[in-house]
file target-v4.cif (mmCIF, C-alpha atoms)
data_structure
loop_
_atom_site.label_atom_id
_atom_site.label_comp_id
_atom_site.auth_asym_id
_atom_site.auth_seq_id
_atom_site.Cartn_x
_atom_site.Cartn_y
_atom_site.Cartn_z
CA MET M 1 -23.69 -2.53 -9.71
CA LYS M 2 -22.70 -4.92 -6.95
CA ALA M 3 -19.22 -6.20 -6.15
CA LEU M 4 -17.97 -8.88 -3.76
CA VAL M 5 -14.60 -8.21 -2.13
CA ILE M 6 -12.88 -11.35 -0.84
CA ASP M 7 -9.82 -10.99 1.38
CA ASP M 8 -8.85 -12.33 4.78
CA SER M 9 -7.35 -8.97 5.72
CA ARG M 10 -10.02 -6.61 6.98
CA THR M 11 -7.80 -3.62 6.15
CA MET M 12 -7.38 -4.76 2.57
CA ARG M 13 -11.14 -5.37 2.24
CA ARG M 14 -11.75 -1.85 3.51
CA ILE M 15 -9.30 -0.33 0.99
CA VAL M 16 -10.69 -2.20 -2.04
CA SER M 17 -14.30 -1.63 -0.94
CA SER M 18 -13.80 2.07 -0.45
CA VAL M 19 -12.36 2.52 -3.96
CA LEU M 20 -15.25 0.53 -5.42
CA ARG M 21 -17.84 2.51 -3.45
CA GLY M 22 -16.19 5.72 -4.63
CA LEU M 23 -16.78 4.55 -8.20
CA GLY M 24 -20.45 3.91 -7.50
CA TYR M 25 -20.50 0.22 -6.53
CA GLU M 26 -22.56 -1.44 -3.86
CA VAL M 27 -20.10 -3.70 -2.03
CA ILE M 28 -20.41 -6.87 0.03
CA GLU M 29 -17.44 -8.58 1.66
CA ALA M 30 -16.18 -12.06 2.51
CA GLY M 31 -13.13 -13.24 4.51
CA ASP M 32 -12.36 -16.40 2.52
CA GLY M 33 -13.42 -18.37 -0.56
CA GLN M 34 -16.06 -20.44 1.23
CA GLU M 35 -17.67 -17.38 2.79
CA ALA M 36 -17.62 -15.80 -0.67
CA LEU M 37 -19.43 -18.79 -2.24
CA ASP M 38 -22.06 -18.53 0.50
CA ALA M 39 -22.38 -14.80 -0.14
CA LEU M 40 -22.87 -15.38 -3.87
CA GLN M 41 -25.61 -17.93 -3.12
CA ALA M 42 -27.37 -15.49 -0.84
CA SER M 43 -26.99 -12.36 -2.91
CA ASP M 44 -28.26 -11.62 -6.41
CA GLY M 45 -26.72 -9.23 -8.87
CA VAL M 46 -23.01 -9.48 -8.14
CA VAL M 47 -21.16 -8.49 -11.35
CA LEU M 48 -17.59 -8.39 -10.03
CA CYS M 49 -15.49 -10.31 -7.51
CA CYS M 50 -12.11 -8.97 -6.30
CA ILE M 51 -10.28 -12.00 -4.97
CA ASP M 52 -7.22 -12.39 -2.76
CA TRP M 53 -5.17 -15.55 -3.41
CA ASN M 54 -3.95 -16.72 -0.01
CA MET M 55 -6.78 -17.12 2.47
CA PRO M 56 -7.68 -19.72 5.13
CA VAL M 57 -10.49 -22.28 4.60
CA MET M 58 -10.66 -21.78 0.81
CA ASP M 59 -8.07 -19.90 -1.25
CA GLY M 60 -8.83 -17.54 -4.12
CA LEU M 61 -7.80 -19.89 -6.91
CA THR M 62 -10.12 -22.62 -5.63
CA PHE M 63 -12.91 -20.04 -5.38
CA VAL M 64 -12.35 -19.06 -9.03
CA THR M 65 -12.52 -22.71 -10.10
CA LYS M 66 -15.74 -23.28 -8.11
CA VAL M 67 -17.44 -20.19 -9.57
CA ARG M 68 -16.48 -21.22 -13.09
CA GLU M 69 -18.15 -24.62 -12.56
CA ARG M 70 -21.54 -22.97 -12.08
CA ALA M 71 -23.44 -21.93 -15.21
CA GLU M 72 -25.58 -19.39 -13.33
CA TRP M 73 -22.43 -17.46 -12.33
CA ARG M 74 -21.01 -17.40 -15.86
CA ASP M 75 -21.44 -13.64 -16.24
CA ILE M 76 -19.61 -12.67 -13.06
CA THR M 77 -16.25 -11.02 -13.72
CA LEU M 78 -13.44 -12.40 -11.56
CA MET M 79 -10.38 -10.32 -10.77
CA MET M 80 -7.52 -11.54 -8.61
CA VAL M 81 -6.19 -8.84 -6.27
CA THR M 82 -3.14 -10.34 -4.64
CA THR M 83 0.51 -9.97 -3.66
CA GLU M 84 1.30 -13.10 -5.69
CA GLY M 85 3.06 -11.59 -8.68
CA GLU M 86 4.98 -14.37 -10.37
CA HIS M 87 4.46 -14.88 -14.08
CA GLY M 88 3.41 -18.53 -13.61
CA GLN M 89 0.81 -17.64 -10.98
CA ILE M 90 -0.87 -15.11 -13.24
CA VAL M 91 -0.99 -17.74 -15.99
CA ARG M 92 -2.57 -20.25 -13.55
CA ALA M 93 -5.22 -17.79 -12.41
CA LEU M 94 -6.17 -16.84 -15.98
CA ALA M 95 -6.28 -20.50 -16.99
CA ALA M 96 -8.60 -21.23 -14.04
CA GLY M 97 -10.99 -18.57 -15.31
CA ALA M 98 -9.97 -15.25 -13.75
CA HIS M 99 -10.53 -12.35 -16.16
CA GLU M 100 -8.03 -9.91 -14.71
CA TYR M 101 -5.19 -9.72 -12.26
CA LEU M 102 -4.13 -6.81 -10.07
CA ILE M 103 -0.96 -7.10 -8.02
CA LYS M 104 -0.71 -5.58 -4.54
CA PRO M 105 0.28 -2.96 -3.68
CA PHE M 106 -1.78 -0.93 -6.13
CA THR M 107 -3.09 2.61 -6.37
CA PRO M 108 -6.82 3.45 -6.57
CA ASP M 109 -6.17 4.53 -10.19
CA ALA M 110 -4.84 1.07 -11.04
CA LEU M 111 -8.06 -0.55 -9.80
CA ARG M 112 -10.06 2.01 -11.76
CA ASP M 113 -7.98 1.30 -14.91
CA LYS M 114 -8.71 -2.43 -14.63
CA LEU M 115 -12.44 -1.79 -14.30
CA GLU M 116 -12.34 0.47 -17.35
CA LEU M 117 -10.56 -2.31 -19.23
CA LEU M 118 -13.26 -4.77 -18.22
CA GLY M 119 -16.05 -2.37 -19.18
CA LEU M 120 -17.15 -2.35 -15.54
CA LEU M 121 -16.91 1.32 -14.65
CA PRO M 122 -20.31 2.61 -13.66
CA VAL M 123 -21.40 4.87 -16.54
CA GLN M 124 -21.24 8.20 -14.72
CA GLU M 125 -17.55 7.57 -14.06
CA VAL M 126 -16.53 7.22 -17.71
CA ARG M 127 -14.80 10.38 -18.89
CA MET Q 1 8.44 26.27 1.77
CA THR Q 2 6.88 28.05 -1.17
CA LEU Q 3 8.12 29.12 -4.52
CA THR Q 4 8.88 32.81 -5.06
CA SER Q 5 7.18 34.43 -8.02
CA GLU Q 6 10.63 35.08 -9.56
CA SER Q 7 11.44 31.36 -9.45
CA PHE Q 8 8.09 30.45 -10.93
CA SER Q 9 8.43 33.00 -13.73
CA PHE Q 10 11.92 31.78 -14.53
CA VAL Q 11 10.77 28.17 -14.89
CA ALA Q 12 7.60 29.14 -16.79
CA ASP Q 13 9.67 31.23 -19.18
CA LEU Q 14 12.30 28.52 -19.67
CA VAL Q 15 9.65 25.87 -20.36
CA ARG Q 16 7.80 28.17 -22.75
CA ARG Q 17 10.94 28.97 -24.75
CA ARG Q 18 12.09 25.37 -25.01
CA SER Q 19 8.80 23.55 -25.48
CA ALA Q 20 6.14 26.24 -26.07
CA ILE Q 21 4.18 24.80 -23.17
CA SER Q 22 2.60 27.51 -21.07
CA LEU Q 23 2.51 27.26 -17.29
CA ALA Q 24 -0.15 29.64 -16.04
CA PRO Q 25 0.20 31.28 -12.62
CA GLY Q 26 -1.37 28.94 -10.09
CA LYS Q 27 0.75 26.02 -11.33
CA GLU Q 28 3.43 26.67 -8.70
CA TYR Q 29 2.55 23.37 -7.03
CA LEU Q 30 3.32 21.59 -10.29
CA VAL Q 31 6.75 23.20 -10.52
CA GLU Q 32 7.52 22.28 -6.92
CA SER Q 33 6.42 18.68 -7.21
CA ARG Q 34 8.11 18.06 -10.55
CA LEU Q 35 11.41 19.73 -9.63
CA LEU Q 36 11.68 18.29 -6.14
CA PRO Q 37 13.61 15.18 -7.26
CA LEU Q 38 16.10 17.39 -9.17
CA ALA Q 39 16.53 19.75 -6.22
CA ARG Q 40 17.02 16.84 -3.80
CA ARG Q 41 20.00 15.61 -5.83
CA THR Q 42 21.75 18.85 -5.00
CA GLY Q 43 20.62 18.92 -1.39
CA LYS Q 44 18.73 22.17 -1.88
CA SER Q 45 15.13 23.31 -1.68
CA VAL Q 46 13.30 23.75 -4.97
CA ASP Q 47 13.48 27.52 -4.62
CA GLN Q 48 17.25 27.50 -3.91
CA TYR Q 49 17.77 25.10 -6.78
CA ILE Q 50 15.98 27.44 -9.20
CA ALA Q 51 17.84 30.46 -7.79
CA ASP Q 52 21.15 28.67 -8.56
CA LEU Q 53 19.93 27.85 -12.03
CA ARG Q 54 19.16 31.52 -12.65
CA ARG Q 55 22.65 32.61 -11.61
CA ARG Q 56 24.56 30.41 -14.02
CA THR Q 57 23.81 29.15 -17.51
CA ASP Q 58 23.85 25.39 -17.36
CA ILE Q 59 22.20 24.13 -20.54
CA ASP Q 60 22.20 20.48 -19.42
CA GLU Q 61 20.55 21.27 -16.11
CA GLN Q 62 18.00 23.51 -17.87
CA GLU Q 63 17.19 20.62 -20.17
CA LEU Q 64 16.51 18.41 -17.13
CA VAL Q 65 14.12 21.06 -15.80
CA VAL Q 66 12.23 21.23 -19.10
CA GLU Q 67 12.03 17.44 -19.21
CA ALA Q 68 10.78 17.21 -15.63
CA MET Q 69 8.10 19.82 -16.33
CA THR Q 70 6.88 18.31 -19.59
CA THR Q 71 6.84 14.62 -18.72
CA ASN Q 72 3.35 13.36 -18.17
CA GLU Q 73 1.71 10.53 -16.36
CA THR Q 74 0.87 7.67 -18.65
CA SER Q 75 -0.72 4.27 -18.45
CA TRP Q 76 -1.38 1.28 -20.69
CA PHE Q 77 -4.45 1.57 -22.92
CA ARG Q 78 -5.07 4.95 -21.31
CA ASP Q 79 -8.79 5.86 -21.42
CA MET Q 80 -9.42 2.65 -23.44
CA GLN Q 81 -11.79 4.38 -25.91
CA PRO Q 82 -9.09 5.38 -28.44
CA PHE Q 83 -7.93 1.78 -28.66
CA THR Q 84 -11.46 0.52 -29.14
CA ALA Q 85 -11.89 3.15 -31.88
CA LEU Q 86 -8.64 1.96 -33.48
CA THR Q 87 -9.97 -1.60 -33.70
CA ASN Q 88 -13.59 -0.91 -34.52
CA HIS Q 89 -13.40 2.15 -36.72
CA ILE Q 90 -10.01 3.45 -37.80
CA VAL Q 91 -8.36 0.24 -39.05
CA PRO Q 92 -11.45 -1.11 -40.88
CA SER Q 93 -12.01 2.28 -42.51
CA LEU Q 94 -8.38 2.61 -43.66
CA LEU Q 95 -8.34 -0.91 -45.11
CA GLU Q 96 -11.77 -0.77 -46.74
CA GLY Q 97 -11.50 -1.49 -50.47
CA ARG Q 98 -7.77 -0.80 -50.49
CA VAL Q 99 -4.55 -2.76 -50.60
CA LEU Q 100 -2.38 -1.24 -47.93
CA PRO Q 101 0.83 -3.18 -47.30
CA THR Q 102 2.01 -0.94 -44.47
CA LEU Q 103 0.15 1.10 -41.90
CA ARG Q 104 2.25 3.96 -40.52
CA ILE Q 105 1.46 5.25 -37.07
CA TRP Q 106 2.98 8.13 -35.13
CA SER Q 107 2.60 8.18 -31.36
CA ALA Q 108 3.54 11.77 -30.51
CA ALA Q 109 4.57 12.76 -26.97
CA CYS Q 110 4.75 9.06 -26.15
CA SER Q 111 6.35 9.51 -22.72
CA THR Q 112 7.67 6.21 -21.31
CA GLY Q 113 6.26 4.11 -24.17
CA GLN Q 114 3.01 2.70 -22.81
CA GLU Q 115 0.99 4.31 -25.61
CA PRO Q 116 2.98 3.04 -28.64
CA TYR Q 117 3.29 -0.43 -27.11
CA SER Q 118 -0.48 -0.43 -26.42
CA ILE Q 119 -1.01 0.53 -30.08
CA ALA Q 120 1.25 -2.36 -31.17
CA LEU Q 121 -0.69 -4.79 -28.96
CA THR Q 122 -4.02 -3.54 -30.34
CA LEU Q 123 -2.88 -3.81 -33.96
CA ASP Q 124 -1.65 -7.34 -33.26
CA GLU Q 125 -5.25 -8.34 -32.72
CA CYS Q 126 -6.96 -6.36 -35.46
CA LEU Q 127 -4.62 -6.14 -38.47
CA PRO Q 128 -4.80 -8.82 -41.15
CA PRO Q 129 -1.47 -10.67 -41.50
CA SER Q 130 -0.88 -9.07 -44.90
CA VAL Q 131 -0.58 -5.59 -43.37
CA ARG Q 132 2.56 -4.50 -41.55
CA ALA Q 133 2.50 -1.79 -38.89
CA GLU Q 134 5.32 0.72 -38.56
CA ILE Q 135 5.12 2.68 -35.34
CA THR Q 136 7.18 5.80 -34.78
CA ALA Q 137 7.05 7.10 -31.21
CA THR Q 138 8.45 10.48 -30.26
CA ASP Q 139 8.96 12.58 -27.18
CA LEU Q 140 10.79 15.73 -26.18
CA SER Q 141 12.52 14.02 -23.29
CA SER Q 142 15.60 11.82 -23.77
CA GLU Q 143 15.09 10.37 -20.31
CA VAL Q 144 11.60 8.98 -20.98
CA LEU Q 145 12.67 7.71 -24.41
CA GLU Q 146 15.52 5.79 -22.84
CA LYS Q 147 13.08 4.11 -20.48
CA ALA Q 148 10.64 3.44 -23.33
CA ARG Q 149 13.40 1.79 -25.39
CA SER Q 150 14.49 -0.35 -22.44
CA GLY Q 151 10.96 -1.79 -22.22
CA CYS Q 152 11.35 -2.25 -18.44
CA TYR Q 153 8.44 -1.30 -16.20
CA THR Q 154 7.84 -1.47 -12.46
CA GLN Q 155 5.06 -3.47 -10.86
CA LEU Q 156 3.11 -0.25 -10.26
CA GLU Q 157 3.45 0.67 -13.94
CA VAL Q 158 2.24 -2.67 -15.32
CA ASN Q 159 -0.67 -2.50 -12.86
CA ARG Q 160 -1.87 0.64 -14.64
CA GLY Q 161 -4.21 -0.62 -17.34
CA LEU Q 162 -2.18 -3.46 -18.85
CA PRO Q 163 -4.47 -6.46 -19.42
CA ALA Q 164 -3.16 -9.55 -17.59
CA LYS Q 165 -3.27 -11.61 -20.81
CA HIS Q 166 -0.80 -9.19 -22.45
CA LEU Q 167 1.38 -9.14 -19.34
CA VAL Q 168 1.85 -12.90 -19.36
CA GLN Q 169 2.17 -13.11 -23.13
CA HIS Q 170 4.63 -10.30 -23.79
CA PHE Q 171 6.52 -9.68 -20.55
CA THR Q 172 8.96 -11.56 -18.39
CA ARG Q 173 9.86 -10.82 -14.81
CA ALA Q 174 13.32 -9.29 -14.38
CA GLY Q 175 13.83 -8.90 -10.64
CA ALA Q 176 11.43 -6.25 -9.38
CA GLN Q 177 10.70 -5.12 -12.95
CA TRP Q 178 8.77 -6.53 -15.89
CA GLU Q 179 10.54 -6.55 -19.23
CA ILE Q 180 8.72 -6.37 -22.54
CA SER Q 181 9.60 -8.98 -25.18
CA LYS Q 182 12.32 -8.15 -27.69
CA GLU Q 183 9.84 -8.85 -30.47
CA LEU Q 184 7.34 -6.24 -29.26
CA ARG Q 185 10.11 -3.75 -28.53
CA SER Q 186 11.42 -4.12 -32.08
CA ARG Q 187 8.08 -2.99 -33.47
CA VAL Q 188 8.32 0.56 -32.13
CA ARG Q 189 10.94 3.06 -33.26
CA PHE Q 190 11.62 5.73 -30.63
CA VAL Q 191 12.88 9.12 -31.78
CA LYS Q 192 13.56 12.34 -29.87
CA HIS Q 193 11.39 15.06 -31.34
CA ASN Q 194 9.99 18.47 -30.47
CA LEU Q 195 6.47 19.04 -31.80
CA LEU Q 196 7.48 22.56 -32.81
CA ASP Q 197 10.19 21.27 -35.15
CA ALA Q 198 9.75 19.69 -38.58
CA PRO Q 199 7.83 16.39 -38.32
CA PRO Q 200 9.85 13.20 -37.71
CA THR Q 201 10.78 10.77 -40.49
CA GLY Q 202 8.74 7.60 -40.86
CA GLY Q 203 5.73 9.22 -42.54
CA PRO Q 204 3.45 9.91 -44.25
CA PHE Q 205 1.34 8.59 -41.43
CA ASP Q 206 -2.06 6.92 -41.58
CA ILE Q 207 -2.76 7.48 -37.91
CA VAL Q 208 -1.38 9.98 -35.40
CA PHE Q 209 -1.92 9.73 -31.66
CA LEU Q 210 -1.41 13.15 -30.06
CA ARG Q 211 -3.13 12.83 -26.73
CA ASN Q 212 -3.16 15.20 -23.79
CA VAL Q 213 -0.60 17.48 -25.39
CA LEU Q 214 -2.55 20.29 -27.05
CA ILE Q 215 -4.16 21.20 -23.71
CA TYR Q 216 -0.81 22.63 -22.61
CA PHE Q 217 -0.52 25.03 -25.54
CA GLU Q 218 -2.08 28.34 -26.41
CA LEU Q 219 -4.23 28.66 -29.55
CA PRO Q 220 -1.58 29.88 -32.07
CA VAL Q 221 0.77 27.07 -31.02
CA LYS Q 222 -2.04 24.50 -31.27
CA GLN Q 223 -2.74 25.75 -34.79
CA ASP Q 224 0.92 25.57 -35.69
CA ILE Q 225 1.23 21.98 -34.43
CA LEU Q 226 -1.90 20.85 -36.29
CA ARG Q 227 -0.69 22.54 -39.47
CA ARG Q 228 2.65 20.69 -39.26
CA LEU Q 229 0.76 17.46 -38.61
CA ARG Q 230 -1.32 17.89 -41.74
CA SER Q 231 1.82 17.87 -43.86
CA VAL Q 232 2.74 14.34 -42.70
CA VAL Q 233 -0.71 12.75 -42.50
CA ARG Q 234 -2.01 10.95 -45.56
CA PRO Q 235 -5.32 12.26 -46.95
CA GLY Q 236 -8.04 10.31 -45.18
CA GLY Q 237 -5.68 9.64 -42.26
CA TYR Q 238 -6.75 9.84 -38.65
CA LEU Q 239 -5.82 11.94 -35.65
CA VAL Q 240 -6.54 10.75 -32.12
CA LEU Q 241 -6.55 13.45 -29.42
CA GLY Q 242 -7.04 13.38 -25.65
CA ALA Q 243 -10.58 13.32 -24.23
CA ALA Q 244 -10.49 17.03 -23.37
CA GLU Q 245 -9.04 18.15 -26.72
CA THR Q 246 -10.49 18.97 -30.12
CA THR Q 247 -9.53 20.40 -33.51
CA VAL Q 248 -12.90 22.15 -33.71
CA GLY Q 249 -12.34 25.89 -33.77
CA VAL Q 250 -8.58 25.32 -33.98
CA ASP Q 251 -8.04 23.78 -37.41
CA ASP Q 252 -11.16 22.95 -39.37
CA THR Q 253 -9.48 20.87 -42.08
CA TRP Q 254 -9.99 17.97 -39.67
CA GLN Q 255 -13.38 16.31 -39.71
CA ARG Q 256 -14.71 15.25 -36.31
CA ILE Q 257 -16.11 11.73 -36.16
CA GLN Q 258 -18.04 10.51 -33.15
CA VAL Q 259 -17.16 6.91 -32.24
CA ASP Q 260 -19.09 5.64 -29.22
CA ARG Q 261 -18.43 8.17 -26.49
CA SER Q 262 -15.24 9.64 -27.93
CA SER Q 263 -14.20 11.71 -30.94
CA ILE Q 264 -11.56 11.04 -33.55
CA TYR Q 265 -10.53 13.33 -36.40
CA ARG Q 266 -10.02 12.63 -40.07
CA LEU Q 267 -8.11 14.63 -42.64
CA GLY Q 268 -10.15 15.33 -45.79
CA THR Q 269 -9.40 12.99 -48.69
CA GLY Q 270 -9.85 15.72 -51.28
CA ARG Q 271 -12.80 13.75 -52.65
CA ASP Q 272 -15.39 14.02 -49.91
CA SER Q 273 -14.43 17.22 -48.16
#
call {"tool": "encode", "arguments": {"input": "target-v4.cif", "output": "structure tokens"}}
result
Amino acid sequence: MKALVIDDSRTMRRIVSSVLRGLGYEVIEAGDGQEALDALQASDGVVLCCIDWNMPVMDGLTFVTKVRERAEWRDITLMMVTTEGEHGQIVRALAAGAHEYLIKPFTPDALRDKLELLGLLPVQEVR
Amino acid sequence: MTLTSESFSFVADLVRRRSAISLAPGKEYLVESRLLPLARRTGKSVDQYIADLRRRTDIDEQELVVEAMTTNETSWFRDMQPFTALTNHIVPSLLEGRVLPTLRIWSAACSTGQEPYSIALTLDECLPPSVRAEITATDLSSEVLEKARSGCYTQLEVNRGLPAKHLVQHFTRAGAQWEISKELRSRVRFVKHNLLDAPPTGGPFDIVFLRNVLIYFELPVKQDILRRLRSVVRPGGYLVLGAAETTVGVDDTWQRIQVDRSSIYRLGTGRDS
């Protein structure tokens, strides 16, 4: 299973990617929404995007909207992973088409829990 | 700083007498990590704190130790499978060909409330409007029950397995915490209860969640708990255990049913068993 981790902080990308790799994912990374759209174009088989909200060039919410406009990306699961934790922001992200929302800071277990919820834990990881 | 064997034995013995939970040698780390916050309050090391506790009989302080040792980590929709089984198998099977105005559920050893509230949220989506759910949630610890009743959870706690759609629908932000709606809170009745005592009121139950509890007990205690459970579960009612637990070889009046990758247990109806 392949995941795309989108965050302008290299440290945060490394943290999220390492948890995902530990769970059995192949991971590619992007530093903003535009880079992420380019990465999706260039790479087949992405099933999950973990998306920061505030990024230069193109923010996470715009990225979600753009992905949702494309029929061929309909099956990709979109999860916001962001410090933005206000009630209204979560509502906006879900309305735009995000499937899940994880608020920073989070523990590796919290990311794992969300993937379990989404049915996106690689099979060998399910207890 | 390590725990002396006298300190460990004292705590293990205290916990066993009060809760019947056995702490095998080798669990010293667990005692240290769980009792550290209590010891810090008094400005002592864990070992000194236990030594003090041994010298004087302070029932309240002993109770805090038992609570700290028996309180378990919990998350929303923990392990997911039991909640899927509730929707796809348990509820349809209980309602099949029957008029059931009320479904009674017992969430035993509910800790800080994530399990009973997750049950309430699941039933919201799968029960027909004509059926009411009554959820009784119990725990040994007054401290966790108080938190469960308050319905207030930290950011880290709501991050653990709570679907975002439920978060925005049923919670409001209260400073650094998230507070569950009054409506959802009113659907769970929290009661202090020791699994070794007579079952709580609110039964007979159609479904009992008793997850990640039996693993702490030795065989005769497991049998005793399951026997008490039987007396408050309706014939044909269901028992949901933790992933590493089973009734097989412990109490064979329960029938094991495989649902997807997990097991649930059903009490014989008297007709088909």
call {"tool": "closest_atom_pairs", "arguments": {"input": "target-v4.cif", "of": "chain Q", "to": "chain M", "cutoff": "9 Å", "atoms": "all atoms listed in the file", "output": "Markdown table"}}
result
| residue | atom | partner | partner_atom | distance |
| --- | --- | --- | --- | --- |
| Q:Ser75 | CA | M:Asp113 | CA | 8.6 |
| Q:Trp76 | CA | M:Asp113 | CA | 8.8 |
| Q:Phe77 | CA | M:Leu117 | CA | 8.1 |
| Q:Arg78 | CA | M:Asp113 | CA | 7.9 |
| Q:Asp79 | CA | M:Glu116 | CA | 7.6 |
| Q:Met80 | CA | M:Leu117 | CA | 6.6 |
| Q:Gln155 | CA | M:Ile103 | CA | 7.6 |
| Q:Leu156 | CA | M:Phe106 | CA | 6.4 |
| Q:Glu157 | CA | M:Ala110 | CA | 8.8 |
| Q:Asn159 | CA | M:Ala110 | CA | 5.8 |
| Q:Arg160 | CA | M:Ala110 | CA | 4.7 |
| Q:Gly161 | CA | M:Asp113 | CA | 4.9 |
| Q:Leu162 | CA | M:Lys114 | CA | 7.8 |
| Q:Pro163 | CA | M:Glu100 | CA | 6.8 |
| Q:Ala164 | CA | M:Glu100 | CA | 5.7 |
| Q:Lys165 | CA | M:Leu94 | CA | 7.7 |
| Q:Leu167 | CA | M:His87 | CA | 8.4 |
| Q:Val168 | CA | M:His87 | CA | 6.2 |
| Q:Phe171 | CA | M:His87 | CA | 8.6 |
| Q:Thr172 | CA | M:His87 | CA | 7.1 |
| Q:Arg173 | CA | M:His87 | CA | 6.8 |
| Q:Ala243 | CA | M:Arg127 | CA | 7.4 |
| Q:Arg261 | CA | M:Arg127 | CA | 8.7 |
call {"tool": "residues_around", "arguments": {"input": "target-v4.cif", "residues": "Q:Glu134", "least_positions_apart": "6", "cutoff": "7 Å", "atoms": "all atoms listed in the file", "output": "list in words"}}
result
Thr102, Leu103, Arg104, Ile105 and Arg187 of chain Q
call {"tool": "closest_residue", "arguments": {"input": "target-v4.cif", "among": "M:Arg13, M:Lys2, M:Arg21, M:Arg68", "to": "M:Val81", "atoms": "all atoms listed in the file"}}
result
M:Arg13
call {"tool": "residues_around", "arguments": {"input": "target-v4.cif", "residues": "M:Asp44", "least_positions_apart": "4", "cutoff": "12 Å", "atoms": "all atoms listed in the file", "output": "VMD selection string"}}
result
chain M and resid 1 to 4 26 28 38 to 40 48 72 to 73 76
call {"tool": "resolve_selection", "arguments": {"input": "target-v4.cif", "expression": "the PyMOL selection byres ((chain Q and resi 133) around 12)", "output": "compact mmCIF listing (two decimals) with C-alpha atoms, keeping the file's coordinate frame"}}
result
# COMPACT_ATOMS: atom_id res chain seq x y z
CA VAL Q 91 -8.36 0.24 -39.05
CA LEU Q 100 -2.38 -1.24 -47.93
CA PRO Q 101 0.83 -3.18 -47.30
CA THR Q 102 2.01 -0.94 -44.47
CA LEU Q 103 0.15 1.10 -41.90
CA ARG Q 104 2.25 3.96 -40.52
CA ILE Q 105 1.46 5.25 -37.07
CA TRP Q 106 2.98 8.13 -35.13
CA PRO Q 116 2.98 3.04 -28.64
CA TYR Q 117 3.29 -0.43 -27.11
CA ILE Q 119 -1.01 0.53 -30.08
CA ALA Q 120 1.25 -2.36 -31.17
CA LEU Q 121 -0.69 -4.79 -28.96
CA THR Q 122 -4.02 -3.54 -30.34
CA LEU Q 123 -2.88 -3.81 -33.96
CA ASP Q 124 -1.65 -7.34 -33.26
CA GLU Q 125 -5.25 -8.34 -32.72
CA CYS Q 126 -6.96 -6.36 -35.46
CA LEU Q 127 -4.62 -6.14 -38.47
CA PRO Q 128 -4.80 -8.82 -41.15
CA PRO Q 129 -1.47 -10.67 -41.50
CA SER Q 130 -0.88 -9.07 -44.90
CA VAL Q 131 -0.58 -5.59 -43.37
CA ARG Q 132 2.56 -4.50 -41.55
CA GLU Q 134 5.32 0.72 -38.56
CA ILE Q 135 5.12 2.68 -35.34
CA THR Q 136 7.18 5.80 -34.78
CA LEU Q 184 7.34 -6.24 -29.26
CA SER Q 186 11.42 -4.12 -32.08
CA ARG Q 187 8.08 -2.99 -33.47
CA VAL Q 188 8.32 0.56 -32.13
CA ARG Q 189 10.94 3.06 -33.26
CA GLY Q 202 8.74 7.60 -40.86
CA PHE Q 205 1.34 8.59 -41.43
CA ASP Q 206 -2.06 6.92 -41.58
CA ILE Q 207 -2.76 7.48 -37.91
call {"tool": "atom_distance", "arguments": {"input": "target-v4.cif", "atom1": "atom CA of Q:Leu14", "atom2": "atom CA of Q:Leu36"}}
result
17.0 Å
call {"tool": "atom_distance", "arguments": {"input": "target-v4.cif", "atom1": "atom CA of Q:Val259", "atom2": "atom CA of Q:Gln81"}}
result
8.7 Å
call {"tool": "closest_residue", "arguments": {"input": "target-v4.cif", "among": "M:Ser18, M:Gly97, M:Gln34, M:Leu23", "to": "M:Pro56", "atoms": "only C-alpha atoms"}}
result
M:Gln34
call {"tool": "atom_distance", "arguments": {"input": "target-v4.cif", "atom1": "atom CA of Q:Asp252", "atom2": "atom CA of Q:Leu239"}}
result
12.8 Å
call {"tool": "resolve_selection", "arguments": {"input": "target-v4.cif", "expression": "the PyMOL selection byres ((chain Q and resi 24) around 12)", "output": "number ranges by chain"}}
result
Q: 5, 8-9, 11-13, 15-16, 21-23, 25-31, 216-218
call {"tool": "resolve_selection", "arguments": {"input": "target-v4.cif", "expression": "the PyMOL selection byres ((chain Q and resi 144) around 9)", "output": "ChimeraX atom specification"}}
result
/Q:67,71,110-113,139-143,145-149
call {"tool": "closest_residue", "arguments": {"input": "target-v4.cif", "among": "M:Asp8, M:Glu84, M:Glu69, M:Glu29", "to": "M:Cys49", "atoms": "all atoms listed in the file"}}
result
M:Glu29
